[in-house]
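Colleague: Have a peek at entry15.txt (compact mmCIF, C-alpha atoms and all ligand atoms).
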```
# COMPACT_ATOMS: atom_id res chain seq x y z
CA MET A 117 0.00 0.00 0.00
CA ALA A 118 1.29 3.46 -0.90
CA THR A 119 1.61 6.50 1.34
CA VAL A 120 0.16 9.76 0.05
CA ARG A 121 1.60 13.14 1.01
CA THR A 122 2.20 16.55 -0.56
CA LEU A 123 5.21 16.94 -2.81
CA HIS A 124 8.68 17.59 -1.38
CA ARG A 125 11.15 19.64 -3.41
CA SER A 126 13.30 16.52 -3.78
CA ASP A 127 10.39 14.73 -5.54
CA ALA A 128 10.12 17.27 -8.35
CA HIS A 129 12.60 15.64 -10.76
CA ALA A 130 10.94 12.24 -10.43
CA VAL A 131 7.50 13.78 -11.03
CA VAL A 132 8.78 15.60 -14.15
CA GLU A 133 10.11 12.26 -15.44
CA ARG A 134 6.76 10.59 -14.82
CA ILE A 135 4.94 13.37 -16.71
CA VAL A 136 7.37 13.22 -19.65
CA ARG A 137 6.91 9.42 -19.87
CA ARG A 138 3.15 9.71 -19.67
CA LEU A 139 2.90 12.35 -22.42
CA ASP A 140 5.29 10.32 -24.60
CA ASP A 141 3.02 7.30 -24.11
CA ASP A 142 -0.03 9.43 -24.96
CA ALA A 143 1.64 10.59 -28.17
CA LEU A 144 2.53 7.03 -29.14
CA VAL A 145 -1.13 6.04 -28.89
CA GLN A 146 -2.41 9.29 -30.45
CA PRO A 147 0.12 11.20 -32.61
CA LEU A 148 -2.15 14.26 -32.57
CA VAL A 149 -1.03 14.77 -28.97
CA ASN A 150 1.97 17.04 -28.63
CA ALA A 151 4.36 15.46 -26.12
CA ARG A 152 6.97 18.21 -26.36
CA LEU A 153 7.45 20.21 -23.20
CA ASP A 154 10.01 22.42 -21.53
CA GLN A 155 11.22 20.21 -18.66
CA ASP A 156 12.94 23.06 -16.80
CA ALA A 157 9.79 25.20 -16.91
CA LEU A 158 7.69 22.22 -15.76
CA TYR A 159 10.12 21.61 -12.88
CA GLU A 160 9.75 25.25 -11.77
CA THR A 161 5.96 25.07 -12.08
CA ILE A 162 5.84 21.98 -9.91
CA LEU A 163 7.99 23.61 -7.25
CA ARG A 164 5.53 26.51 -7.13
CA ALA A 165 2.68 24.07 -6.48
CA THR A 166 4.12 21.77 -3.81
CA ASN A 167 1.04 22.14 -1.58
CA ALA A 168 -1.35 21.31 -4.42
CA THR A 169 0.60 18.33 -5.76
CA TRP A 170 0.16 14.98 -4.08
CA VAL A 171 2.55 12.08 -4.47
CA ALA A 172 2.09 8.41 -3.64
CA THR A 173 5.20 6.57 -2.51
CA ASP A 174 6.10 3.02 -1.54
CA GLU A 175 9.43 1.29 -0.88
CA SER A 176 10.28 1.57 -4.60
CA GLY A 177 9.88 5.39 -4.63
CA ILE A 178 7.19 7.53 -6.25
CA VAL A 179 4.35 5.45 -7.71
CA GLY A 180 1.92 8.24 -8.55
CA HIS A 181 1.16 11.95 -8.48
CA LEU A 182 -1.96 14.10 -8.64
CA TYR A 183 -2.30 17.84 -9.07
CA ALA A 184 -5.43 19.94 -9.45
CA ALA A 185 -6.12 23.65 -9.55
CA VAL A 186 -9.27 24.68 -7.70
CA LEU A 187 -11.01 27.12 -10.02
CA GLY A 188 -14.38 28.71 -10.51
CA ASP A 189 -16.05 31.91 -11.53
CA VAL A 190 -19.26 33.77 -10.80
CA THR A 191 -21.33 31.41 -12.95
CA GLN A 192 -19.65 28.15 -12.00
CA ALA A 193 -19.21 26.47 -8.66
CA LEU A 194 -15.63 25.76 -7.60
CA ALA A 195 -14.12 22.61 -9.09
CA ALA A 196 -10.72 20.91 -8.99
CA TRP A 197 -9.17 20.68 -12.48
CA THR A 198 -6.45 18.23 -13.50
CA GLY A 199 -4.78 18.61 -16.92
CA PRO A 200 -3.15 15.90 -19.06
CA ASP A 201 0.07 16.33 -17.06
CA GLY A 202 -1.61 16.39 -13.66
CA ALA A 203 -1.88 12.69 -12.88
CA SER A 204 0.20 9.53 -13.06
CA PHE A 205 -0.32 6.29 -11.19
CA ASP A 206 1.14 2.82 -11.36
CA ASP A 207 -2.17 1.06 -10.69
CA ASP A 208 -5.83 1.55 -9.71
CA GLU A 209 -5.09 1.33 -6.01
CA VAL A 210 -2.55 4.16 -6.15
CA LEU A 211 -5.03 6.36 -8.02
CA ALA A 212 -7.79 5.61 -5.49
CA GLU A 213 -5.51 6.59 -2.61
CA LEU A 214 -4.38 9.79 -4.33
CA VAL A 215 -7.96 10.80 -5.12
CA GLU A 216 -9.14 10.12 -1.60
CA ILE A 217 -6.47 12.24 0.08
CA ALA A 218 -6.27 15.02 -2.53
CA GLY A 219 -10.08 15.05 -2.77
CA ALA A 220 -10.34 15.95 0.92
CA SER A 221 -8.11 18.98 0.35
CA TRP A 222 -10.12 20.08 -2.73
CA ARG A 223 -13.36 19.80 -0.75
CA HIS A 224 -11.76 21.80 2.03
CA ALA A 225 -10.97 24.50 -0.56
CA GLY A 226 -14.65 24.58 -1.57
CA ALA A 227 -14.59 22.43 -4.73
CA ILE A 228 -17.66 20.31 -5.35
CA SER A 229 -16.42 18.40 -8.42
CA HIS A 230 -13.20 17.05 -9.84
CA TYR A 231 -12.49 17.18 -13.58
CA VAL A 232 -9.55 15.44 -15.23
CA TRP A 233 -8.32 15.47 -18.84
CA THR A 234 -7.01 12.07 -19.85
CA LEU A 235 -6.14 10.41 -23.15
CA ASP A 236 -9.24 9.15 -24.97
CA ASP A 237 -8.13 5.57 -24.64
CA ASP A 238 -9.88 2.73 -22.77
CA GLU A 239 -6.75 1.83 -20.81
CA ARG A 240 -6.33 5.42 -19.61
CA ILE A 241 -9.98 6.03 -18.88
CA GLY A 242 -10.55 2.65 -17.16
CA PRO A 243 -9.00 3.42 -13.75
CA TRP A 244 -11.00 6.67 -13.49
CA ARG A 245 -14.24 4.99 -14.58
CA ARG A 246 -13.74 2.32 -11.93
CA LEU A 247 -13.68 5.17 -9.37
CA GLY A 248 -16.99 6.46 -10.74
CA TYR A 249 -15.75 9.21 -13.09
CA THR A 250 -17.77 9.72 -16.29
CA PRO A 251 -16.75 11.25 -19.66
CA LEU A 252 -18.12 14.77 -20.16
CA SER A 253 -16.37 16.36 -23.13
CA VAL A 254 -13.82 15.65 -25.83
CA ARG A 255 -10.94 17.58 -27.41
CA GLY A 256 -10.62 16.77 -31.13
CA VAL A 257 -7.63 17.68 -33.32
CA MET A 258 -6.88 17.66 -37.04
CA ARG A 259 -3.77 18.62 -38.99
CA LEU A 260 -4.48 21.30 -41.59
CA VAL A 261 -3.57 20.21 -45.12
CA GLU A 262 -4.59 21.53 -48.50
CA HIS A 263 -7.62 19.61 -49.77
CA ASP A 264 -10.65 19.95 -52.02
CA GLN A 265 -13.14 22.40 -50.58
CA HIS A 266 -16.90 21.94 -50.32
CA ALA A 267 -18.53 25.07 -51.73
CA LEU A 268 -21.49 26.85 -50.19
CA ALA A 269 -24.68 26.44 -52.22
CA PRO A 270 -25.49 29.35 -54.59
CA GLY A 271 -27.06 32.24 -52.73
CA LEU A 272 -25.14 31.60 -49.51
CA VAL A 273 -22.19 33.79 -48.52
CA LEU A 274 -19.60 33.55 -45.77
CA ARG A 275 -18.71 36.89 -44.21
CA ALA A 276 -17.35 38.42 -41.02
CA ALA A 277 -20.00 38.95 -38.34
CA VAL A 278 -20.90 42.56 -37.50
CA PRO A 279 -22.57 44.03 -34.38
CA SER A 280 -25.97 44.21 -36.11
CA ASP A 281 -25.95 40.36 -36.34
CA ILE A 282 -26.05 40.12 -32.56
CA GLU A 283 -29.69 39.05 -32.10
CA ARG A 284 -29.31 36.20 -34.63
CA ILE A 285 -26.00 35.23 -33.04
CA LEU A 286 -27.76 34.97 -29.67
CA GLU A 287 -30.52 32.82 -31.23
CA LEU A 288 -27.94 30.48 -32.72
CA ASP A 289 -26.19 30.36 -29.36
CA LEU A 290 -29.39 28.91 -27.89
CA VAL A 291 -29.30 26.16 -30.54
CA ILE A 292 -25.86 25.18 -29.26
CA ASP A 293 -27.08 25.19 -25.64
CA LEU A 294 -29.94 22.85 -26.60
CA ALA A 295 -27.60 20.50 -28.49
CA GLN A 296 -25.19 20.51 -25.55
CA GLY A 297 -28.00 19.45 -23.24
CA GLU A 298 -28.51 22.82 -21.59
CA PRO A 299 -32.17 23.42 -22.47
CA GLY A 300 -34.37 26.06 -20.96
CA ALA A 301 -34.54 29.74 -21.79
CA PRO A 302 -31.73 31.67 -20.12
CA SER A 303 -32.70 34.49 -17.79
CA ARG A 304 -32.61 38.02 -19.21
CA LYS A 305 -29.52 38.65 -17.04
CA ASP A 306 -27.69 35.66 -18.59
CA ARG A 307 -28.77 36.76 -22.06
CA ASN A 308 -27.45 40.26 -21.47
CA ALA A 309 -24.16 38.84 -20.22
CA THR A 310 -23.88 36.64 -23.34
CA ARG A 311 -24.71 39.66 -25.54
CA ARG A 312 -21.95 41.69 -23.89
CA GLU A 313 -19.53 38.77 -24.23
CA MET A 314 -20.33 38.25 -27.91
CA LEU A 315 -20.07 41.98 -28.70
CA ALA A 316 -16.69 42.07 -26.93
CA LEU A 317 -15.52 39.11 -29.05
CA LEU A 318 -16.44 41.03 -32.21
CA GLU A 319 -13.99 43.73 -31.11
CA ASP A 320 -11.20 41.30 -30.21
CA PRO A 321 -8.46 41.38 -32.88
CA GLU A 322 -7.41 37.77 -32.07
CA VAL A 323 -10.91 36.46 -32.72
CA ASN A 324 -12.62 35.88 -36.07
CA HIS A 325 -16.38 35.56 -36.01
CA TYR A 326 -17.82 34.24 -39.27
CA VAL A 327 -21.45 33.94 -40.32
CA VAL A 328 -23.11 32.34 -43.33
CA GLU A 329 -25.95 34.39 -44.75
CA GLY A 330 -28.69 33.40 -47.20
CA GLU A 331 -31.55 35.58 -48.40
CA GLY A 332 -30.64 38.23 -45.86
CA ARG A 333 -30.75 35.83 -42.89
CA VAL A 334 -27.82 34.54 -40.85
CA LEU A 335 -27.97 30.74 -41.04
CA ALA A 336 -24.71 29.62 -39.44
CA GLN A 337 -21.74 30.89 -37.50
CA THR A 338 -18.38 29.95 -36.07
CA ILE A 339 -15.78 31.69 -33.95
CA THR A 340 -12.05 31.06 -34.26
CA PHE A 341 -8.99 32.18 -32.31
CA PRO A 342 -5.41 31.01 -31.83
CA LEU A 343 -5.44 28.31 -29.13
CA PRO A 344 -3.43 29.50 -26.12
CA LEU A 345 -0.50 27.17 -25.38
CA ARG A 346 -1.69 24.23 -23.36
CA ARG A 347 -0.34 20.82 -22.46
CA GLY A 348 -0.83 18.24 -25.18
CA SER A 349 -1.73 20.73 -27.93
CA PHE A 350 0.57 21.91 -30.70
CA ASP A 351 1.74 25.47 -31.32
CA HIS A 352 -0.04 27.17 -34.24
CA THR A 353 -3.38 25.54 -33.45
CA LEU A 354 -6.60 27.28 -34.38
CA HIS A 355 -9.46 26.84 -31.95
CA LEU A 356 -12.83 26.47 -33.60
CA SER A 357 -15.83 27.16 -31.40
CA GLU A 358 -19.52 28.11 -31.43
CA VAL A 359 -20.08 26.16 -34.66
CA VAL A 360 -23.81 26.08 -35.33
CA VAL A 361 -26.20 25.88 -38.27
CA ASP A 362 -29.83 26.96 -37.97
CA PRO A 363 -31.96 23.80 -37.47
CA THR A 364 -33.94 24.60 -40.67
CA ALA A 365 -30.72 24.54 -42.72
CA GLN A 366 -28.86 21.56 -41.22
CA GLY A 367 -27.83 18.49 -43.24
CA GLN A 368 -27.22 20.50 -46.43
CA GLY A 369 -23.46 20.77 -46.19
CA ILE A 370 -23.38 24.31 -44.75
CA ALA A 371 -21.11 23.42 -41.81
CA HIS A 372 -18.73 21.47 -44.06
CA ALA A 373 -18.43 24.33 -46.54
CA MET A 374 -18.13 27.02 -43.85
CA ILE A 375 -15.44 25.13 -41.93
CA ASP A 376 -13.54 24.18 -45.11
CA THR A 377 -13.19 27.87 -46.02
CA VAL A 378 -12.38 29.02 -42.50
CA LEU A 379 -9.68 26.35 -42.10
CA GLU A 380 -8.16 27.00 -45.51
CA ASN A 381 -7.87 30.72 -44.60
CA ALA A 382 -6.23 29.73 -41.32
CA ARG A 383 -3.83 27.30 -43.03
CA ARG A 384 -2.73 30.08 -45.37
CA GLN A 385 -2.10 32.31 -42.35
CA GLY A 386 0.26 29.70 -40.88
CA PHE A 387 -1.97 27.62 -38.62
CA GLU A 388 -1.01 23.93 -38.67
CA TYR A 389 -3.71 22.28 -36.58
CA VAL A 390 -7.32 22.84 -35.63
CA GLU A 391 -8.87 21.88 -32.34
CA ALA A 392 -12.50 21.83 -31.19
CA GLN A 393 -14.23 20.65 -28.06
CA TRP A 394 -17.63 19.05 -27.69
CA ARG A 395 -19.82 17.45 -25.01
CA VAL A 396 -20.14 13.68 -25.20
CA THR A 397 -23.92 14.13 -24.77
CA ASN A 398 -24.09 16.29 -27.93
CA ASP A 399 -25.00 13.63 -30.50
CA GLN A 400 -24.79 15.99 -33.49
CA ALA A 401 -21.32 17.24 -32.57
CA SER A 402 -20.10 13.75 -31.59
CA SER A 403 -20.97 12.44 -35.04
CA PHE A 404 -20.09 15.59 -37.01
CA TRP A 405 -16.54 16.27 -35.80
CA PRO A 406 -14.99 12.81 -36.29
CA ARG A 407 -16.63 12.59 -39.72
CA TYR A 408 -15.22 16.00 -40.57
CA GLY A 409 -11.79 14.64 -39.65
CA LEU A 410 -11.09 15.66 -36.06
CA ALA A 411 -9.64 12.84 -33.98
CA PRO A 412 -10.45 12.74 -30.27
CA THR A 413 -7.29 13.31 -28.22
CA TYR A 414 -8.19 14.03 -24.61
CA VAL A 415 -11.45 13.43 -22.82
CA ARG A 416 -12.62 15.32 -19.75
CA LEU A 417 -13.95 13.06 -17.01
CA GLY A 418 -15.85 14.32 -14.01
CA HIS A 419 -16.91 13.18 -10.58
CA ALA A 420 -18.76 14.90 -7.73
CA LEU A 421 -16.64 15.28 -4.62
CA ASP A 422 -18.44 13.59 -1.79
CA LEU A 423 -19.38 16.46 0.50
CA GLY A 424 -20.23 14.08 3.32
CA LYS A 425 -16.63 13.06 3.79
C1 LIG A 501 -23.04 20.03 -35.95
C2 LIG A 501 -23.67 20.95 -36.98
C3 LIG A 501 -22.96 22.31 -36.91
C4 LIG A 501 -23.52 20.39 -38.37
O1 LIG A 501 -24.05 21.32 -39.31
P1 LIG A 501 -24.65 20.87 -40.73
O2 LIG A 501 -24.68 22.06 -41.62
O3 LIG A 501 -25.91 20.14 -40.52
O4 LIG A 501 -23.53 19.88 -41.22
P2 LIG A 501 -23.33 19.39 -42.73
O5 LIG A 501 -24.63 19.51 -43.46
O6 LIG A 501 -22.14 20.03 -43.31
O7 LIG A 501 -22.98 17.89 -42.45
C5 LIG A 501 -23.97 17.05 -41.88
C6 LIG A 501 -24.22 15.89 -42.82
O8 LIG A 501 -24.90 16.30 -43.98
C7 LIG A 501 -24.21 15.78 -45.13
N1 LIG A 501 -24.47 16.64 -46.29
C8 LIG A 501 -25.68 16.84 -46.78
N2 LIG A 501 -25.60 17.64 -47.86
C9 LIG A 501 -24.32 17.93 -48.05
C10 LIG A 501 -23.63 18.72 -49.01
N3 LIG A 501 -24.27 19.35 -49.99
N4 LIG A 501 -22.30 18.83 -48.90
C11 LIG A 501 -21.64 18.22 -47.92
N5 LIG A 501 -22.26 17.47 -46.99
C12 LIG A 501 -23.60 17.32 -47.05
C13 LIG A 501 -22.79 15.74 -44.68
O9 LIG A 501 -22.06 14.78 -45.44
C14 LIG A 501 -22.92 15.29 -43.28
O10 LIG A 501 -23.06 13.91 -43.23
P3 LIG A 501 -22.22 13.06 -42.21
O11 LIG A 501 -22.56 13.58 -40.83
O12 LIG A 501 -22.69 11.69 -42.47
O13 LIG A 501 -20.79 13.32 -42.56
C15 LIG A 501 -25.19 21.12 -36.73
O14 LIG A 501 -25.75 19.85 -36.54
C16 LIG A 501 -25.54 21.98 -35.53
O15 LIG A 501 -25.62 23.21 -35.64
N6 LIG A 501 -25.79 21.37 -34.36
C17 LIG A 501 -26.19 22.10 -33.16
C18 LIG A 501 -25.08 22.97 -32.59
C19 LIG A 501 -23.87 22.15 -32.20
O16 LIG A 501 -23.99 21.10 -31.61
N7 LIG A 501 -22.68 22.66 -32.54
C20 LIG A 501 -21.43 22.01 -32.22
C21 LIG A 501 -20.96 22.48 -30.91
S1 LIG A 501 -19.43 21.66 -30.48
```
Please rewrite the model in this file as structure tokens.
Modeller:
Amino acid sequence: MATVRTLHRSDAHAVVERIVRRLDDDALVQPLVNARLDQDALYETILRATNATWVATDESGIVGHLYAAVLGDVTQALAAWTGPDGASFDDDEVLAELVEIAGASWRHAGAISHYVWTLDDDERIGPWRRLGYTPLSVRGVMRLVEHDQHALAPGLVLRAAVPSDIERILELDLVIDLAQGEPGAPSRKDRNATRREMLALLEDPEVNHYVVEGEGRVLAQTITFPLPLRRGSFDHTLHLSEVVVDPTAQGQGIAHAMIDTVLENARRQGFEYVEAQWRVTNDQASSFWPRYGLAPTYVRLGHALDLGK
């Protein structure tokens, strides 16, 4: 049986080695995972988080580690978040012990759930599932290469969104919420917050907001921005989000044509990969993205932290 405690400075090198090995293994299974990392920077990061990093040890040395950041905002309850580099464990028992001890500290900090990003691979997901974690969302990646484009049907045009599109944009946003399993009309306060957020995005020079228009009506949209550097993703990755086609116009190739053009523009600007994220409960997105060519890389699993403990 392993002993679980917070990280000592002398553990940091061994934990870096475990993370490097784990990401290398991830990339062997899924080459669309970027295993490259700056080991010195990771070492420094770990040393800054000794109290939030748990290690499991036995007579052989370190047999597991677990780190989570407790985060939340005004709309979301606090949760503990573990990235692709935040966990390693030699077996199920080690993971269970790490989660039990670290979980108590996350609860103490006010977190009510734990989320972990792990490779979308049965062997990786299995130990978490056996502890009761369930898949919630998926990161999908595709390399951008020149290929034949689907064209929009005659009469449809792709253009940059402008502030006067805002009401249609908000309507399409509701279509996404429904597909993601978040039905129910948002309160006026939420709607005003989303309006402000969307209008701010239109002003953001890093963000491109595209719409497809036909007969004077906006029928589809997507938002793109350069993906901030994050573990497991490549540099020069475009993040594609808020993809939606009006329900009356779905199944006619509008999303394919819109995304083909948007990605070709991005490729010409130097982007090498595209990444999107979708909920596992969103059937349309779960079938659309892999068919479009995005391969699932990491999956986010979640579990409620038992408040009784
Ligand atoms: C996911 C979504 C954007 C797809 O939009 P869409 O315009 O219906 O997608 P397309 O028409 O391009 O593709 C859907 C199917 O129609 C087919 N299709 C029909 N006519 C086509 C044509 N003329 N050209 C190309 N494909 C065509 C496609 O091949 C595709 O089939 P496939 O799924 O078997 O590959 C849409 O379902 C949607 O808005 N869902 C709700 C919001 C949402 O979930 N967004 C994603 C958030 S992550």
Colleague: How would you report the residues lying within 9 Å of ligand LIG 501 (chain A), as a PyMOL selection string, if you count all atoms listed in the file?
Modeller: chain A and resi 266-269+288-296+336-338+356-363+365-375+392-395+398-408
Colleague: What does the distance between atom CA of A:Gly348 and atom CA of A:His181 come to in Å, to one decimal place?
Modeller: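 Those two atoms sit 18.0 Å apart.
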Colleague: Atom CA of A:Leu318 to atom CA of A:Arg275: how many Å, to one decimal?
Modeller: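 Between atom CA of A:Leu318 and atom CA of A:Arg275 the gap is 12.9 Å.
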Colleague: Could you list, as a list of chain:residue names, every residue within 7 Å of A:Arg121, counting only C-alpha atoms and ignoring same-chain residues fewer than 4 positions away?
Modeller: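 The filter keeps A:Trp170, A:Val171, A:Ala172.
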Colleague: Which residue is closest to A:Val327? Choose from A:Gly226, A:Pro279, A:Pro270, A:Gly418 and count all atoms listed in the file.
Modeller: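 Among the listed residues, A:Pro279 lies closest to A:Val327.
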Colleague: Have a look at atom CA of A:Arg138 and atom CA of A:Ala203 and let me know their distance in Å, one decimal.
Modeller: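 Spanning atom CA of A:Arg138 to atom CA of A:Ala203 is a straight-line distance of 9.0 Å.
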Colleague: Can you list, as number ranges by chain, every protein, DNA or RNA residue that comes within 9 Å of stretch 209-221 of chain A when you count all atoms listed in the file, leaving out same-chain residues fewer than 4 positions away?
Modeller: A: 117-122, 168-173, 179-184, 196, 203-205, 225-227, 230, 243-244, 247, 421-422, 425
Colleague: Could you give me, as JSON, numbers by chain, the residues within 8 Å of A:Tyr231, counting only C-alpha atoms and dropping anything in the same chain fewer than 6 positions from it?
Modeller: {"A": [195, 196, 197, 198, 416, 417, 418, 419]}
Colleague: Return as lines of an AutoDock Vina configuration file the box centre and box size in Å, one decimal, for an axis-aligned box around all listed atoms of stretch 222-228 of chain A padded by 6 Å per side.
Modeller:
```
center_x = -13.9
center_y = 22.2
center_z = -1.7
size_x = 19.5
size_y = 16.8
size_z = 19.4
```
Colleague: Calculated over all atoms listed in the file, which of the candidates A:Glu322, A:Glu313, A:Asp264, A:Glu175 has the smallest distance to A:Leu286?
Modeller: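 Between A:Glu322, A:Glu313, A:Asp264, A:Glu175, the residue approaching A:Leu286 most closely is A:Glu313.
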